[in-house]
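> Coordinates in protein-v9.pdb, PDB, C-alpha atoms, pLDDT in the B column, are listed below.
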```
ATOM      1  CA  MET A  24     -17.700  -9.042  35.883  1.00 64.00           C
ATOM      2  CA  TYR A  25     -14.175  -8.438  34.666  1.00 68.00           C
ATOM      3  CA  PHE A  26     -13.210  -8.167  31.013  1.00 72.00           C
ATOM      4  CA  SER A  27      -9.548  -8.102  30.152  1.00 73.00           C
ATOM      5  CA  LYS A  28      -8.237  -6.669  26.927  1.00 77.00           C
ATOM      6  CA  LYS A  29      -5.867  -8.969  25.143  1.00 79.00           C
ATOM      7  CA  ALA A  30      -2.596  -7.387  24.208  1.00 78.00           C
ATOM      8  CA  MET A  31      -2.460  -6.996  20.442  1.00 80.00           C
ATOM      9  CA  GLU A  32       0.715  -7.895  18.634  1.00 83.00           C
ATOM     10  CA  PRO A  33       2.419  -4.953  16.963  1.00 85.00           C
ATOM     11  CA  VAL A  34       1.901  -4.836  13.199  1.00 85.00           C
ATOM     12  CA  GLN A  35       5.083  -5.557  11.255  1.00 91.00           C
ATOM     13  CA  GLU A  36       5.927  -2.688   8.918  1.00 93.00           C
ATOM     14  CA  GLU A  37       8.500  -2.402   6.169  1.00 94.00           C
ATOM     15  CA  GLN A  38       9.684   0.176   3.650  1.00 96.00           C
ATOM     16  CA  THR A  39       7.437  -0.514   0.637  1.00 95.00           C
ATOM     17  CA  SER A  40       7.633   0.690  -2.981  1.00 96.00           C
ATOM     18  CA  VAL A  41       4.474   2.575  -3.944  1.00 97.00           C
ATOM     19  CA  TRP A  42       3.098   4.577  -6.858  1.00 97.00           C
ATOM     20  CA  MET A  43       1.954   8.075  -5.799  1.00 97.00           C
ATOM     21  CA  CYS A  44      -0.145  10.452  -7.861  1.00 97.00           C
ATOM     22  CA  SER A  45       1.893  13.345  -9.298  1.00 96.00           C
ATOM     23  CA  ASN A  46      -1.085  15.732  -8.947  1.00 96.00           C
ATOM     24  CA  GLU A  47      -0.590  17.708  -5.699  1.00 93.00           C
ATOM     25  CA  GLY A  48      -4.351  17.943  -5.129  1.00 95.00           C
ATOM     26  CA  CYS A  49      -4.778  14.151  -5.236  1.00 96.00           C
ATOM     27  CA  SER A  50      -3.709  11.885  -2.368  1.00 95.00           C
ATOM     28  CA  CYS A  51      -4.044   8.584  -4.253  1.00 97.00           C
ATOM     29  CA  TRP A  52      -1.318   5.952  -3.937  1.00 97.00           C
ATOM     30  CA  MET A  53      -1.001   2.185  -4.436  1.00 96.00           C
ATOM     31  CA  ARG A  54       1.533  -0.492  -3.602  1.00 94.00           C
ATOM     32  CA  GLU A  55       3.805  -1.232  -6.538  1.00 93.00           C
ATOM     33  CA  ASN A  56       3.240  -4.986  -6.324  1.00 90.00           C
ATOM     34  CA  PHE A  57      -0.567  -4.504  -6.384  1.00 88.00           C
ATOM     35  CA  ALA A  58      -0.631  -2.223  -9.461  1.00 91.00           C
ATOM     36  CA  LEU A  59      -2.477  -3.591 -12.482  1.00 87.00           C
ATOM     37  CA  GLU A  60      -0.100  -1.958 -15.002  1.00 90.00           C
ATOM     38  CA  GLU A  61       3.670  -1.670 -15.170  1.00 91.00           C
ATOM     39  CA  VAL A  62       3.405   2.149 -15.129  1.00 93.00           C
ATOM     40  CA  PRO A  63      -0.089   3.006 -13.847  1.00 95.00           C
ATOM     41  CA  SER A  64      -2.057   6.240 -14.141  1.00 96.00           C
ATOM     42  CA  CYS A  65      -4.035   7.549 -11.176  1.00 96.00           C
ATOM     43  CA  PRO A  66      -7.416   5.770 -10.955  1.00 94.00           C
ATOM     44  CA  ILE A  67      -8.986   8.883  -9.389  1.00 96.00           C
ATOM     45  CA  CYS A  68      -7.736  11.868 -11.425  1.00 97.00           C
ATOM     46  CA  HIS A  69      -5.976  10.042 -14.327  1.00 95.00           C
ATOM     47  CA  SER A  70      -2.679  11.932 -13.801  1.00 96.00           C
ATOM     48  CA  GLY A  71       0.686  10.211 -14.065  1.00 96.00           C
ATOM     49  CA  MET A  72       2.095   8.394 -11.061  1.00 97.00           C
ATOM     50  CA  VAL A  73       5.641   8.410  -9.696  1.00 97.00           C
ATOM     51  CA  LYS A  74       7.510   5.810  -7.640  1.00 97.00           C
ATOM     52  CA  ASN A  75       8.099   6.496  -3.976  1.00 97.00           C
ATOM     53  CA  THR A  76       8.347   4.562  -0.700  1.00 97.00           C
ATOM     54  CA  LYS A  77       6.213   4.377   2.455  1.00 97.00           C
ATOM     55  CA  MET A  78       6.374   2.525   5.761  1.00 96.00           C
ATOM     56  CA  LEU A  79       3.418   0.133   5.479  1.00 95.00           C
ATOM     57  CA  PRO A  80       2.235  -3.097   7.095  1.00 94.00           C
ATOM     58  CA  THR A  81       3.766  -6.133   5.429  1.00 91.00           C
ATOM     59  CA  LEU A  82       1.554  -7.737   2.751  1.00 86.00           C
ATOM     60  CA  VAL A  83       2.380 -10.369   0.154  1.00 80.00           C
ATOM     61  CA  ASN A  84       0.830 -10.471  -3.322  1.00 80.00           C
ATOM     62  CA  HIS A  85       1.286 -13.889  -4.917  1.00 78.00           C
ATOM     63  CA  HIS A  86      -0.476 -12.930  -8.171  1.00 75.00           C
ATOM     64  CA  LYS A  87       1.580 -10.804 -10.548  1.00 65.00           C
ATOM     65  CA  THR A  88      -0.637  -9.401 -13.314  1.00 59.00           C
ATOM     66  CA  TYR A  89       1.954  -7.929 -15.700  1.00 55.00           C
TER      67      TYR A  89
END
```
For the file at hand, write its structure as structure tokens.

Amino acid sequence: MYFSKKAMEPVQEEQTSVWMCSNEGCSCWMRENFALEEVPSCPICHSGMVKNTKMLPTLVNHHKTY
């Protein structure tokens, strides 16, 4: 029997705005358009978060909460 692997399409990535935890010991981050607050605090260590950018797969959030 022969099983062929289908070629997967490459995932589209784009430069995305994210919130990153300011605590060096914490690696938490979240996409800016998925944050529940305008200026969020880290959900793991409760430190402040700062804006940054990352290359991430393209996602669309149609529900703005703030």
> Excluding same-chain residues fewer than 3 positions from A:Cys65, what lies within 8 Å of it counting all atoms listed in the file, as number ranges by chain?
A: 44, 51-52, 68-72
> Work out how far apart atom CA of A:Met78 and atom CA of A:Gln35 are and give it in Å to one decimal.
9.9 Å
> What would the selection look like, as a count of residues only, if the PyMOL selection byres ((chain A and resi 81) around 7) were run on the coordinates I just shared?
7
> Nearest to A:Glu47: which of A:Val62, A:Val73, A:Val34, A:Ser27 is it, counting all atoms listed in the file?
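Using all atoms listed in the file, A:Glu47 sits closest to A:Val73.
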> Report the distance between atom CA of A:Asn84 and atom CA of A:Asn46 in Å, rounded to one decimal place.
26.9 Å
> Can you measure atom CA of A:Thr39 to atom CA of A:His85 for me? One decimal in Å is fine.
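Interatomic distance here is 15.7 Å.
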> Choose the residue, out of A:Phe26, A:Val41, A:Pro33, A:Thr76, that has the smallest atom-to-atom separation from A:Phe57; count only C-alpha atoms.
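Checking each candidate against A:Phe57, we get A:Val41 as the closest.
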> Skip A:His86 itself and residues of its chain fewer than 6 positions away, then list as a PDB file with C-alpha atoms, in the frame of the given file all residues within 12 Å of it, counting all atoms listed in the file.

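Printed below is out_23.pdb as written:
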```pdb
ATOM      1  CA  ASN A  56       3.240  -4.986  -6.324  1.00 90.00           C
ATOM      2  CA  PHE A  57      -0.567  -4.504  -6.384  1.00 88.00           C
ATOM      3  CA  ALA A  58      -0.631  -2.223  -9.461  1.00 91.00           C
ATOM      4  CA  LEU A  59      -2.477  -3.591 -12.482  1.00 87.00           C
TER       5      LEU A  59
END
```
> What residues have an atom no more than 6 Å from (7.7, 5.4, -9.6) in the file's own frame, counting only C-alpha atoms, and can you write them as a short mmCIF file (atom, residue, chain, number, x, y, z; two decimals) with C-alpha atoms, in the coordinates of the input?

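Wrote it out as point-v5.cif, contents follow:
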```
data_model
loop_
_atom_site.label_atom_id
_atom_site.label_comp_id
_atom_site.auth_asym_id
_atom_site.auth_seq_id
_atom_site.Cartn_x
_atom_site.Cartn_y
_atom_site.Cartn_z
CA TRP A 42 3.10 4.58 -6.86
CA VAL A 73 5.64 8.41 -9.70
CA LYS A 74 7.51 5.81 -7.64
CA ASN A 75 8.10 6.50 -3.98
#
```
> Could you check the closest approach to A:Lys77 for each of A:Glu32, A:Ser45, A:Met53, A:Pro63 and tell me which residue wins, using all atoms listed in the file?
A:Met53
